[in-house]
>>> print(open('model19.txt').read())   # compact mmCIF, C-alpha atoms and all ligand atoms
# COMPACT_ATOMS: atom_id res chain seq x y z
CA MET A 1 -14.21 -28.90 -10.49
CA ALA A 2 -10.69 -30.22 -10.02
CA ASP A 3 -10.46 -33.67 -8.43
CA LYS A 4 -8.31 -32.85 -5.41
CA SER A 5 -7.72 -36.51 -4.53
CA LEU A 6 -5.86 -37.25 -7.76
CA GLU A 7 -2.07 -37.63 -7.29
CA LEU A 8 -0.34 -36.83 -10.58
CA PHE A 9 3.00 -36.05 -8.96
CA ASP A 10 4.39 -39.18 -7.41
CA ALA A 11 6.48 -39.96 -4.34
CA GLY A 12 10.14 -40.97 -4.61
CA HIS A 13 11.30 -37.60 -5.91
CA ARG A 14 14.51 -36.21 -4.39
CA ALA A 15 13.44 -32.78 -3.08
CA CYS A 16 14.63 -31.75 0.38
CA GLY A 17 12.22 -32.76 3.15
CA GLY A 18 9.57 -30.05 3.44
CA CYS A 19 10.38 -28.54 0.01
CA GLY A 20 7.90 -25.81 -0.97
CA PRO A 21 8.32 -26.34 -4.74
CA ALA A 22 7.61 -30.11 -4.37
CA LEU A 23 4.36 -29.28 -2.60
CA ALA A 24 3.62 -26.69 -5.29
CA ALA A 25 4.05 -29.32 -8.05
CA ARG A 26 1.49 -31.63 -6.40
CA LEU A 27 -1.03 -28.83 -5.93
CA ILE A 28 -0.56 -27.39 -9.42
CA LEU A 29 -1.35 -30.77 -10.98
CA LYS A 30 -4.43 -31.09 -8.77
CA GLY A 31 -5.60 -27.81 -10.28
CA CYS A 32 -5.04 -28.67 -13.94
CA GLY A 33 -5.89 -32.38 -13.88
CA PRO A 34 -4.69 -35.29 -16.03
CA HIS A 35 -5.58 -33.66 -19.37
CA THR A 36 -2.35 -31.66 -19.24
CA ILE A 37 1.05 -31.42 -20.93
CA VAL A 38 3.84 -29.82 -18.88
CA THR A 39 7.06 -28.16 -19.95
CA VAL A 40 9.68 -27.43 -17.29
CA SER A 41 12.86 -25.39 -17.10
CA THR A 42 16.13 -26.56 -15.59
CA GLY A 43 16.13 -26.11 -11.83
CA CYS A 44 15.36 -27.85 -8.56
CA MET A 45 11.93 -29.09 -9.59
CA GLU A 46 13.14 -30.60 -12.83
CA VAL A 47 16.25 -32.10 -11.21
CA PHE A 48 14.56 -33.61 -8.15
CA SER A 49 11.60 -35.01 -10.07
CA THR A 50 13.28 -36.44 -13.17
CA PRO A 51 16.68 -38.03 -12.50
CA TYR A 52 16.88 -40.29 -15.54
CA PRO A 53 15.41 -42.93 -15.80
CA GLU A 54 13.03 -41.96 -13.00
CA THR A 55 10.19 -39.46 -13.12
CA ALA A 56 7.64 -38.38 -10.54
CA TRP A 57 5.28 -37.02 -13.21
CA LYS A 58 2.21 -38.93 -14.33
CA VAL A 59 1.33 -36.47 -17.08
CA PRO A 60 3.38 -35.89 -20.25
CA LEU A 61 6.33 -33.66 -19.41
CA ILE A 62 9.16 -32.28 -21.48
CA HIS A 63 12.33 -30.62 -20.31
CA SER A 64 14.45 -28.90 -22.94
CA LEU A 65 16.58 -26.02 -21.63
CA PHE A 66 16.77 -23.55 -18.79
CA GLU A 67 15.37 -20.64 -20.75
CA ASN A 68 12.91 -21.99 -23.30
CA ALA A 69 10.01 -23.77 -21.53
CA SER A 70 7.55 -21.18 -22.82
CA ALA A 71 8.84 -21.52 -26.41
CA VAL A 72 8.48 -25.31 -26.20
CA ALA A 73 4.96 -24.86 -24.79
CA SER A 74 4.14 -22.45 -27.63
CA GLY A 75 5.06 -25.08 -30.21
CA ILE A 76 3.08 -27.78 -28.43
CA GLU A 77 0.03 -25.54 -28.18
CA ALA A 78 0.21 -24.58 -31.85
CA SER A 79 0.50 -28.22 -32.87
CA LEU A 80 -2.40 -29.34 -30.67
CA LYS A 81 -4.55 -26.54 -32.08
CA LYS A 82 -3.77 -27.66 -35.63
CA GLN A 83 -4.76 -31.22 -34.67
CA GLY A 84 -8.01 -30.02 -33.06
CA ARG A 85 -6.89 -31.19 -29.61
CA ASN A 86 -7.45 -29.32 -26.37
CA GLU A 87 -5.05 -30.55 -23.67
CA HIS A 88 -4.00 -27.89 -21.17
CA VAL A 89 -0.44 -26.79 -21.90
CA ILE A 90 1.40 -25.42 -18.88
CA CYS A 91 4.96 -24.37 -18.05
CA ILE A 92 6.27 -24.86 -14.51
CA CYS A 93 9.51 -22.97 -14.02
CA GLY A 94 11.69 -21.53 -11.28
CA ASP A 95 12.09 -17.84 -10.62
CA GLY A 96 15.55 -17.70 -12.20
CA ALA A 97 14.15 -19.30 -15.34
CA THR A 98 11.19 -16.92 -15.27
CA PHE A 99 12.34 -13.52 -14.01
CA ASP A 100 15.75 -13.59 -15.68
CA ILE A 101 16.84 -16.05 -18.32
CA GLY A 102 13.47 -17.10 -19.79
CA MET A 103 12.06 -13.58 -20.06
CA LEU A 104 12.61 -13.27 -23.82
CA CYS A 105 10.79 -16.52 -24.62
CA ILE A 106 7.98 -15.71 -22.16
CA SER A 107 7.46 -12.25 -23.60
CA GLY A 108 7.32 -13.75 -27.09
CA ALA A 109 4.84 -16.45 -26.11
CA PHE A 110 2.56 -13.92 -24.38
CA GLU A 111 2.79 -11.51 -27.29
CA ARG A 112 1.84 -14.24 -29.75
CA GLY A 113 -1.11 -15.03 -27.52
CA HIS A 114 -0.64 -18.78 -27.12
CA ASN A 115 -3.26 -20.55 -25.06
CA ILE A 116 -0.84 -21.63 -22.33
CA THR A 117 -0.56 -21.16 -18.57
CA TYR A 118 2.89 -20.21 -17.34
CA ILE A 119 3.46 -21.01 -13.68
CA CYS A 120 6.52 -19.77 -11.81
CA TYR A 121 7.30 -21.52 -8.53
CA ASP A 122 9.05 -18.70 -6.80
CA ASN A 123 11.64 -19.77 -4.24
CA GLU A 124 13.35 -16.42 -4.70
CA ALA A 125 16.81 -17.49 -5.92
CA TYR A 126 18.67 -19.98 -8.12
CA MET A 127 18.51 -22.81 -5.61
CA ASN A 128 19.60 -25.79 -7.63
CA THR A 129 23.03 -24.33 -8.35
CA GLY A 130 23.59 -23.17 -4.76
CA ILE A 131 21.43 -20.16 -3.85
CA GLN A 132 22.43 -17.36 -6.25
CA ARG A 133 20.28 -14.22 -6.34
CA SER A 134 17.73 -13.73 -9.12
CA GLY A 135 15.38 -10.92 -10.13
CA ALA A 136 12.90 -12.47 -7.70
CA THR A 137 15.18 -12.35 -4.65
CA PRO A 138 13.76 -9.91 -2.09
CA TYR A 139 15.58 -6.83 -0.84
CA ASP A 140 18.34 -7.58 1.69
CA ALA A 141 18.22 -11.38 1.37
CA SER A 142 21.67 -12.89 1.72
CA THR A 143 22.55 -15.31 -1.10
CA THR A 144 25.88 -16.66 -2.32
CA THR A 145 26.06 -13.89 -4.94
CA SER A 146 24.65 -11.21 -2.63
CA PRO A 147 26.31 -12.18 0.62
CA ALA A 148 25.69 -10.02 3.65
CA GLY A 149 28.86 -8.80 5.31
CA ARG A 150 30.73 -5.68 6.24
CA GLN A 151 30.16 -4.07 2.83
CA SER A 152 26.63 -5.30 2.15
CA PHE A 153 23.22 -5.94 3.70
CA GLY A 154 22.50 -8.67 1.15
CA ASN A 155 20.60 -8.29 -2.13
CA SER A 156 20.59 -4.60 -2.95
CA ARG A 157 17.68 -4.54 -5.42
CA PRO A 158 13.94 -5.00 -4.84
CA LYS A 159 12.00 -7.94 -6.28
CA LYS A 160 10.93 -7.46 -9.90
CA ASP A 161 7.16 -7.01 -10.36
CA LEU A 162 6.68 -9.74 -12.94
CA PRO A 163 2.89 -10.14 -12.56
CA SER A 164 2.46 -6.50 -13.66
CA ILE A 165 4.89 -6.96 -16.55
CA LEU A 166 2.92 -9.94 -17.87
CA ALA A 167 -0.42 -8.24 -17.25
CA ALA A 168 0.95 -5.41 -19.40
CA HIS A 169 1.43 -7.97 -22.19
CA GLY A 170 -2.37 -8.24 -22.23
CA ALA A 171 -2.59 -11.51 -20.28
CA PRO A 172 -6.27 -12.11 -19.50
CA TYR A 173 -5.52 -13.73 -16.13
CA VAL A 174 -2.55 -13.21 -13.82
CA ALA A 175 -2.54 -14.48 -10.23
CA THR A 176 -0.27 -14.97 -7.26
CA CYS A 177 -0.70 -17.65 -4.63
CA SER A 178 1.31 -19.51 -1.99
CA VAL A 179 1.89 -23.07 -0.86
CA ALA A 180 0.65 -21.82 2.54
CA TYR A 181 -2.86 -21.78 1.00
CA PRO A 182 -3.20 -25.05 -0.96
CA ASN A 183 -6.85 -24.69 -1.99
CA ASP A 184 -6.15 -21.23 -3.37
CA ILE A 185 -3.42 -22.64 -5.66
CA ILE A 186 -5.74 -25.35 -6.96
CA LYS A 187 -8.54 -22.86 -7.60
CA LYS A 188 -6.31 -20.33 -9.39
CA VAL A 189 -4.57 -22.95 -11.56
CA GLU A 190 -7.94 -24.37 -12.51
CA ARG A 191 -9.16 -20.91 -13.49
CA ALA A 192 -6.00 -20.14 -15.49
CA VAL A 193 -6.03 -23.32 -17.57
CA ASN A 194 -9.69 -22.72 -18.36
CA THR A 195 -9.07 -19.12 -19.46
CA GLU A 196 -8.36 -18.65 -23.17
CA GLY A 197 -5.02 -17.03 -23.89
CA PRO A 198 -1.66 -16.79 -22.11
CA CYS A 199 -2.09 -16.74 -18.31
CA TYR A 200 0.49 -16.35 -15.58
CA ILE A 201 0.58 -17.69 -12.04
CA GLN A 202 3.31 -17.03 -9.49
CA VAL A 203 3.41 -19.45 -6.55
CA HIS A 204 5.35 -18.42 -3.46
CA ALA A 205 7.27 -21.60 -2.61
CA PRO A 206 9.47 -21.30 0.49
CA CYS A 207 12.76 -23.22 0.20
CA CYS A 208 13.99 -24.41 3.59
CA THR A 209 17.53 -25.00 2.30
CA GLY A 210 17.98 -21.68 0.52
CA TRP A 211 16.16 -19.46 3.00
CA GLY A 212 17.50 -21.20 6.08
CA PHE A 213 14.65 -22.61 8.16
CA ASP A 214 13.52 -26.08 9.26
CA GLY A 215 11.52 -27.97 6.61
CA LYS A 216 8.59 -28.39 8.96
CA LYS A 217 8.09 -24.59 8.85
CA THR A 218 7.53 -24.29 5.08
CA MET A 219 3.86 -23.43 5.36
CA ALA A 220 4.28 -21.30 8.48
CA VAL A 221 6.96 -19.18 6.75
CA GLY A 222 4.77 -18.84 3.64
CA LYS A 223 1.89 -17.69 5.81
CA LEU A 224 4.06 -15.09 7.56
CA ALA A 225 5.06 -13.62 4.19
CA ILE A 226 1.38 -12.97 3.54
CA GLU A 227 0.54 -11.82 7.05
CA THR A 228 3.32 -9.22 6.91
CA GLY A 229 2.33 -7.96 3.45
CA LEU A 230 5.69 -8.92 1.89
CA TRP A 231 3.78 -11.32 -0.38
CA VAL A 232 0.29 -10.51 -1.63
CA ASN A 233 -2.11 -13.10 -3.05
CA PHE A 234 -4.08 -11.36 -5.80
CA GLU A 235 -5.82 -11.90 -9.11
CA LEU A 236 -5.48 -9.52 -12.08
CA VAL A 237 -8.20 -9.94 -14.70
CA ASN A 238 -7.44 -8.09 -17.93
CA GLY A 239 -4.93 -6.00 -16.03
CA SER A 240 -7.17 -4.91 -13.15
CA VAL A 241 -7.11 -6.20 -9.58
CA GLU A 242 -10.17 -8.40 -9.15
CA LYS A 243 -9.33 -9.72 -5.72
CA ALA A 244 -6.53 -9.50 -3.15
CA LYS A 245 -6.36 -11.39 0.13
CA LYS A 246 -7.03 -9.00 3.02
CA ILE A 247 -5.15 -9.37 6.28
CA LYS A 248 -4.52 -7.81 9.63
CA ARG A 249 -0.86 -7.01 9.08
CA ARG A 250 2.00 -8.01 11.36
CA PRO A 251 5.40 -6.24 11.43
CA VAL A 252 7.84 -7.56 8.79
CA GLU A 253 10.37 -8.75 11.36
CA ASP A 254 7.98 -11.58 12.30
CA TYR A 255 8.73 -13.00 8.83
CA LEU A 256 12.39 -11.97 8.54
CA GLN A 257 13.43 -13.40 11.91
CA GLU A 258 12.38 -16.93 10.91
CA GLN A 259 15.01 -17.15 8.15
CA LYS A 260 18.79 -17.31 8.08
CA ARG A 261 18.92 -15.29 4.84
CA PHE A 262 17.86 -12.24 6.90
CA ARG A 263 19.84 -13.12 10.02
CA HIS A 264 22.31 -10.26 9.47
CA LEU A 265 19.47 -7.77 10.08
CA PHE A 266 19.24 -8.95 13.68
CA LYS A 267 22.73 -10.19 14.58
CA PRO A 268 25.10 -9.12 15.98
CA ASN A 269 23.00 -5.92 16.21
CA ARG A 270 19.49 -5.16 15.13
CA ASN A 271 19.57 -3.03 11.96
CA ASP A 272 16.53 -0.77 12.40
CA ALA A 273 17.26 1.31 9.30
CA GLU A 274 17.25 -1.70 6.95
CA ILE A 275 14.23 -3.31 8.64
CA ALA A 276 12.38 0.00 8.17
CA LYS A 277 13.13 -0.14 4.43
CA ILE A 278 11.63 -3.63 4.23
CA GLN A 279 8.62 -2.47 6.26
CA ALA A 280 8.20 0.29 3.67
CA ILE A 281 8.04 -2.34 0.89
CA ALA A 282 5.21 -4.09 2.77
CA ASP A 283 3.43 -0.76 3.30
CA VAL A 284 3.56 -0.01 -0.43
CA ASN A 285 2.19 -3.50 -1.21
CA ALA A 286 -0.63 -2.99 1.27
CA LEU A 287 -1.59 0.33 -0.27
CA LYS A 288 -1.29 -0.89 -3.86
CA TYR A 289 -3.52 -3.93 -3.34
CA GLY A 290 -5.69 -2.62 -0.51
CA ILE A 291 -5.02 -5.60 1.74
CA ASP A 292 -5.30 -3.95 5.16
CA ILE A 293 -8.38 -4.85 7.18
CA MET B 1 22.97 -47.38 -19.92
CA PRO B 2 23.28 -45.29 -23.09
CA LEU B 3 22.05 -41.73 -22.65
CA ASN B 4 21.08 -40.09 -25.92
CA ILE B 5 19.57 -36.73 -26.76
CA GLY B 6 15.89 -37.22 -26.03
CA CYS B 7 15.32 -39.63 -23.13
CA SER B 8 11.96 -40.75 -21.83
CA ALA B 9 10.88 -42.39 -18.60
CA ARG B 10 7.86 -44.38 -17.41
CA PRO B 11 5.32 -42.22 -15.48
CA GLY B 12 5.74 -42.46 -11.72
CA LYS B 13 8.97 -44.45 -11.97
CA SER B 14 10.30 -42.30 -9.11
CA GLN B 15 8.56 -44.81 -6.81
CA GLU B 16 11.67 -46.94 -7.25
CA ASN B 17 13.52 -44.43 -5.10
CA LYS B 18 12.53 -45.23 -1.51
CA THR B 19 12.99 -41.87 0.20
CA GLY B 20 11.82 -43.28 3.56
CA SER B 21 15.47 -44.15 4.22
CA TRP B 22 16.18 -40.40 4.61
CA ARG B 23 14.03 -40.17 7.73
CA VAL B 24 15.50 -39.03 11.04
CA PHE B 25 12.15 -38.28 12.73
CA LYS B 26 9.01 -40.28 12.18
CA PRO B 27 5.42 -38.96 12.26
CA ASP B 28 3.20 -40.84 14.70
CA PHE B 29 -0.53 -40.53 13.98
CA HIS B 30 -2.88 -40.50 16.99
CA TYR B 31 -6.25 -41.45 15.59
CA ASP B 32 -8.09 -40.72 18.84
CA LEU B 33 -7.32 -37.03 18.21
CA CYS B 34 -7.65 -37.00 14.40
CA THR B 35 -10.75 -35.17 13.11
CA SER B 36 -10.27 -36.43 9.52
CA CYS B 37 -9.86 -32.87 8.20
CA GLY B 38 -7.39 -34.07 5.55
CA THR B 39 -4.86 -31.24 6.05
CA CYS B 40 -1.91 -33.65 6.32
CA GLN B 41 -2.83 -35.42 3.11
CA MET B 42 -3.21 -32.13 1.25
CA ILE B 43 0.15 -30.67 2.31
CA CYS B 44 2.61 -33.58 2.40
CA PRO B 45 5.26 -32.67 -0.24
CA GLU B 46 5.72 -36.38 -0.94
CA GLY B 47 2.01 -37.01 -1.42
CA CYS B 48 2.56 -40.11 0.68
CA ILE B 49 -0.37 -39.88 3.12
CA ASN B 50 -3.21 -42.13 1.98
CA LEU B 51 -6.73 -42.67 3.26
CA ILE B 52 -6.78 -46.35 4.20
CA ASP B 53 -9.83 -47.76 6.05
CA ASP B 54 -10.93 -44.19 6.84
CA LYS B 55 -7.57 -43.41 8.44
CA PHE B 56 -4.96 -41.02 7.08
CA THR B 57 -1.93 -43.28 6.89
CA PRO B 58 1.63 -42.22 6.02
CA ASP B 59 3.54 -44.47 3.66
CA TYR B 60 6.84 -44.91 5.50
CA THR B 61 8.44 -46.22 2.32
CA PHE B 62 8.51 -42.60 1.11
CA CYS B 63 7.92 -40.35 4.15
CA LYS B 64 11.06 -38.20 4.59
CA GLY B 65 10.06 -37.21 8.12
CA CYS B 66 10.00 -33.50 7.30
CA GLY B 67 7.48 -32.84 10.08
CA LEU B 68 5.25 -30.55 8.01
CA CYS B 69 2.16 -32.69 8.67
CA ALA B 70 2.75 -32.65 12.44
CA GLU B 71 3.36 -28.90 12.41
CA GLN B 72 0.18 -28.16 10.42
CA CYS B 73 -2.29 -30.65 11.92
CA PRO B 74 -4.95 -28.43 13.54
CA ALA B 75 -5.88 -31.17 16.04
CA ASP B 76 -2.30 -31.89 17.15
CA ALA B 77 -2.90 -35.51 16.21
CA ILE B 78 0.58 -36.10 14.77
CA SER B 79 3.79 -36.14 16.81
CA MET B 80 7.35 -36.60 15.60
CA LYS B 81 9.62 -39.06 17.32
CA LYS B 82 13.21 -40.07 16.66
CA GLU B 83 13.44 -42.87 14.11
CA GLU B 84 14.82 -46.16 15.39
CA LYS B 85 16.66 -48.14 12.75
C1 LIG C 1 21.71 -21.77 -19.97
C2 LIG C 1 21.97 -22.31 -18.62
N1 LIG C 1 22.61 -21.56 -17.70
C3 LIG C 1 22.83 -22.03 -16.47
C4 LIG C 1 22.41 -23.28 -16.12
C5 LIG C 1 22.71 -23.82 -14.73
N2 LIG C 1 21.52 -23.90 -13.90
C6 LIG C 1 20.82 -25.05 -13.76
S1 LIG C 1 19.57 -24.95 -12.67
C7 LIG C 1 19.94 -23.35 -12.34
C8 LIG C 1 19.16 -22.58 -11.30
C9 LIG C 1 17.70 -22.51 -11.54
O1 LIG C 1 17.12 -21.53 -10.73
P1 LIG C 1 15.56 -21.35 -10.71
O2 LIG C 1 15.02 -21.20 -12.07
O3 LIG C 1 15.22 -20.25 -9.76
O4 LIG C 1 15.04 -22.75 -10.13
P2 LIG C 1 15.37 -23.37 -8.68
O5 LIG C 1 16.59 -24.23 -8.81
O6 LIG C 1 15.53 -22.26 -7.72
O7 LIG C 1 14.17 -24.20 -8.35
C10 LIG C 1 21.04 -22.91 -13.10
C11 LIG C 1 21.65 -21.57 -13.00
C12 LIG C 1 21.76 -24.07 -17.09
N3 LIG C 1 21.30 -25.29 -16.83
N4 LIG C 1 21.54 -23.56 -18.33
S1 LIG C 2 16.95 -26.55 -2.39
FE1 LIG C 2 14.94 -25.65 -1.94
S2 LIG C 2 13.76 -25.81 -3.86
FE2 LIG C 2 15.56 -27.17 -4.04
S3 LIG C 2 14.77 -29.18 -3.42
FE3 LIG C 2 15.65 -28.21 -1.58
S4 LIG C 2 13.93 -27.14 -0.57
FE4 LIG C 2 13.30 -27.66 -2.68
S1 LIG C 3 6.64 -36.11 7.89
FE1 LIG C 3 6.65 -34.98 5.91
S2 LIG C 3 6.98 -36.60 4.38
FE2 LIG C 3 6.33 -37.66 6.26
S3 LIG C 3 4.10 -37.86 6.07
FE3 LIG C 3 4.49 -35.94 7.22
S4 LIG C 3 4.50 -34.33 5.63
FE4 LIG C 3 4.75 -36.32 4.57
MG MG C 4 14.48 -20.44 -7.79
>>> encode(input="model19.txt", output="structure tokens", more="lines below")
Ligand SMILES: Cc1ncc(C[n+]2csc(CCOP(=O)(O)OP(=O)(O)O)c2C)c(N)n1
Ligand code: SF4
Ligand code: SF4
Ligand SMILES: [Mg+2]
Amino acid sequence: MADKSLELFDAGHRACGGCGPALAARLILKGCGPHTIVTVSTGCMEVFSTPYPETAWKVPLIHSLFENASAVASGIEASLKKQGRNEHVICICGDGATFDIGMLCISGAFERGHNITYICYDNEAYMNTGIQRSGATPYDASTTTSPAGRQSFGNSRPKKDLPSILAAHGAPYVATCSVAYPNDIIKKVERAVNTEGPCYIQVHAPCCTGWGFDGKKTMAVGKLAIETGLWVNFELVNGSVEKAKKIKRRPVEDYLQEQKRFRHLFKPNRNDAEIAKIQAIADVNALKYGIDI
Amino acid sequence: MPLNIGCSARPGKSQENKTGSWRVFKPDFHYDLCTSCGTCQMICPEGCINLIDDKFTPDYTFCKGCGLCAEQCPADAISMKKEEK
């Protein structure tokens, strides 16, 4: 069992107050424990936790590039194996690094079958460079590269289904979780690092700065994503759904209304047609994972 | 300070950066209401709430005053008040 009292991610880091990814980092390390080597991509988490010569990490951590954390982890894992060592090797990377630019390296690492756990903290855009859309940005979210305005309702493409893509690589364990449910993150990370082979975890990590809400609401916003069915917490074991969190669903506007990135759907006029499209996304999720009570 | 390719840092050296100076609001803990559930300690993004003498105690050296603990405390045992400096 993971020792939940152990703090392996230290205070003094420079994340925004109430930062979802900062909370995710603490919880992830509680799940994998001190016997762990971490590789990170470039992004908020790396920048706020390791401004040279400071670091918040109390486990070995290496940052190389934006796109290659999984390749670095592959090399570390291969070397440890050769030496007969068994530290957990994990990647912790943003959604831009995962869904877009790191995809090639991730696909390669999963295909080669390295015994690593790849964890994406998903704050649904490139936050560290000023809120640009990524393949993880949800439909209609306004970002600096998908600004809502007269010609646009925000991001015009739906979120990429990366868990399914990595499950299709033959990953033995793929799971989603959220900072709104801390014990669930710890449990799933613990399971992943103790599963042989390449595993993938996607942590929903609300970003107060990028999504536009007060930092004290980070967990409340995360919870609303789940209660509306726009985010589903599930586990895929050898490609099949083993478990998905069931809920009594609320309408999607309860989640959308809390965030400035969706403000244009309500002001100056309520956009029923676009809200209905987002409701349809939640309905498909609910059907696919059977989450309705 | 020369910065070469390949830099390393001492674990936990971030503690030199006292983020408590960022605070605008300060969490006030009311121990008469606290049920010791540990929610605040689990969810503080700074990891700066410690159990001292059986009391969950924020470390104001690092607390950024985000208000997440007060918002999530199921017993309403934490209130935020304007920081006086
Ligand atoms: C090859 C390369 N391209 C672009 C950048 C600039 N860059 C640094 S961080 C970042 C955004 C990272 O986004 P994400 O992975 O989602 O992490 P977040 O900042 O949102 O936590 C970008 C584009 C870079 N460092 N390297
Ligand atoms: S911009 Fe978002 S992800 Fe980056 S430190 Fe701030 S809250 Fe965290
Ligand atoms: S206000 Fe925020 S930083 Fe301060 S103790 Fe509470 S959760 Fe931690
Ligand atoms: Mg991101």
>>> residues_near_ligand(input="model19.txt", ligand="ligand LIG 1 (chain C)", cutoff="6 Å", atoms="all atoms listed in the file", output="list in words")
Thr42, Gly43, Cys44, Met45, Phe66, Gly94, Asp95, Gly96, Ala97, Asn123, Ala125, Tyr126, Met127, Asn128 and Thr129 of chain A
>>> interface_residues(input="model19.txt", of="chain A", to="chain B", cutoff="6 Å", atoms="all atoms listed in the file", output="PyMOL selection string")
chain A and resi 10-13+17-18+22-23+53-58+215-216
>>> axis_aligned_box(input="model19.txt", around="range 212-229 of chain A", padding_each_side="5 Å", output="AutoDock Vina command-line options")
--center_x 9.0 --center_y -18.2 --center_z 6.4 --size_x 27.0 --size_y 30.4 --size_z 15.8
>>> residues_near_ligand(input="model19.txt", ligand="ligand LIG 2 (chain C)", cutoff="6 Å", atoms="only C-alpha atoms and all ligand atoms", output="list in words")
Ala15, Cys16, Cys19, Gly20, Pro21, Cys44, Met127, Asn128, Cys207, Cys208, Thr209 and Gly210 of chain A
>>> write_last_selection(input="model19.txt", atoms="C-alpha atoms", output="compact mmCIF listing (two decimals), in the coordinates of the input")
# COMPACT_ATOMS: atom_id res chain seq x y z
CA ALA A 15 13.44 -32.78 -3.08
CA CYS A 16 14.63 -31.75 0.38
CA CYS A 19 10.38 -28.54 0.01
CA GLY A 20 7.90 -25.81 -0.97
CA PRO A 21 8.32 -26.34 -4.74
CA CYS A 44 15.36 -27.85 -8.56
CA MET A 127 18.51 -22.81 -5.61
CA ASN A 128 19.60 -25.79 -7.63
CA CYS A 207 12.76 -23.22 0.20
CA CYS A 208 13.99 -24.41 3.59
CA THR A 209 17.53 -25.00 2.30
CA GLY A 210 17.98 -21.68 0.52
>>> closest_residue(input="model19.txt", among="B:Tyr31, B:Ile52, B:Val24, B:Ala75", to="ligand LIG 3 (chain C)", atoms="only C-alpha atoms and all ligand atoms")
B:Val24
>>> atom_distance(input="model19.txt", atom1="CA of Ala280 in chain A", atom2="CA of Glu253 in chain A")
12.1 Å
>>> atom_distance(input="model19.txt", atom1="atom S2 of ligand LIG 3 (chain C)", atom2="CA of Lys223 in chain A")
19.6 Å
>>> closest_residue(input="model19.txt", among="A:Lys82, A:Arg14, A:Lys187, A:Lys30", to="ligand LIG 3 (chain C)", atoms="only C-alpha atoms and all ligand atoms")
A:Arg14
>>> residues_around(input="model19.txt", residues="Ala192 in chain A", least_positions_apart="6", cutoff="12 Å", atoms="all atoms listed in the file", output="PyMOL selection string")
chain A and resi 28+31-32+88-90+115-119+171-176+185-186+198-202+235-237
>>> residues_near_point(input="model19.txt", point="(-2.4, -38.5, 16.6)", cutoff="9 Å", atoms="all atoms listed in the file", output="ChimeraX atom specification")
/B:27-34,70,75-79
>>> closest_residue(input="model19.txt", among="B:Asp54, B:Ser21, B:Glu84, B:Ile49", to="ligand LIG 3 (chain C)", atoms="all atoms listed in the file")
B:Ile49
>>> residues_around(input="model19.txt", residues="Pro60 in chain A", least_positions_apart="6", cutoff="8 Å", atoms="all atoms listed in the file", output="PyMOL selection string")
chain A and resi 36-38
>>> atom_distance(input="model19.txt", atom1="atom S2 of ligand LIG 3 (chain C)", atom2="CA of Arg191 in chain A")
28.7 Å
>>> closest_residue(input="model19.txt", among="A:Asp122, A:Glu227, A:Glu196, A:Asp272", to="ligand MG 4 (chain C)", atoms="all atoms listed in the file")
A:Asp122
>>> closest_residue(input="model19.txt", among="A:Thr228, A:Asn271, A:Thr145, A:Ser240", to="Val284 in chain A", atoms="all atoms listed in the file")
A:Thr228
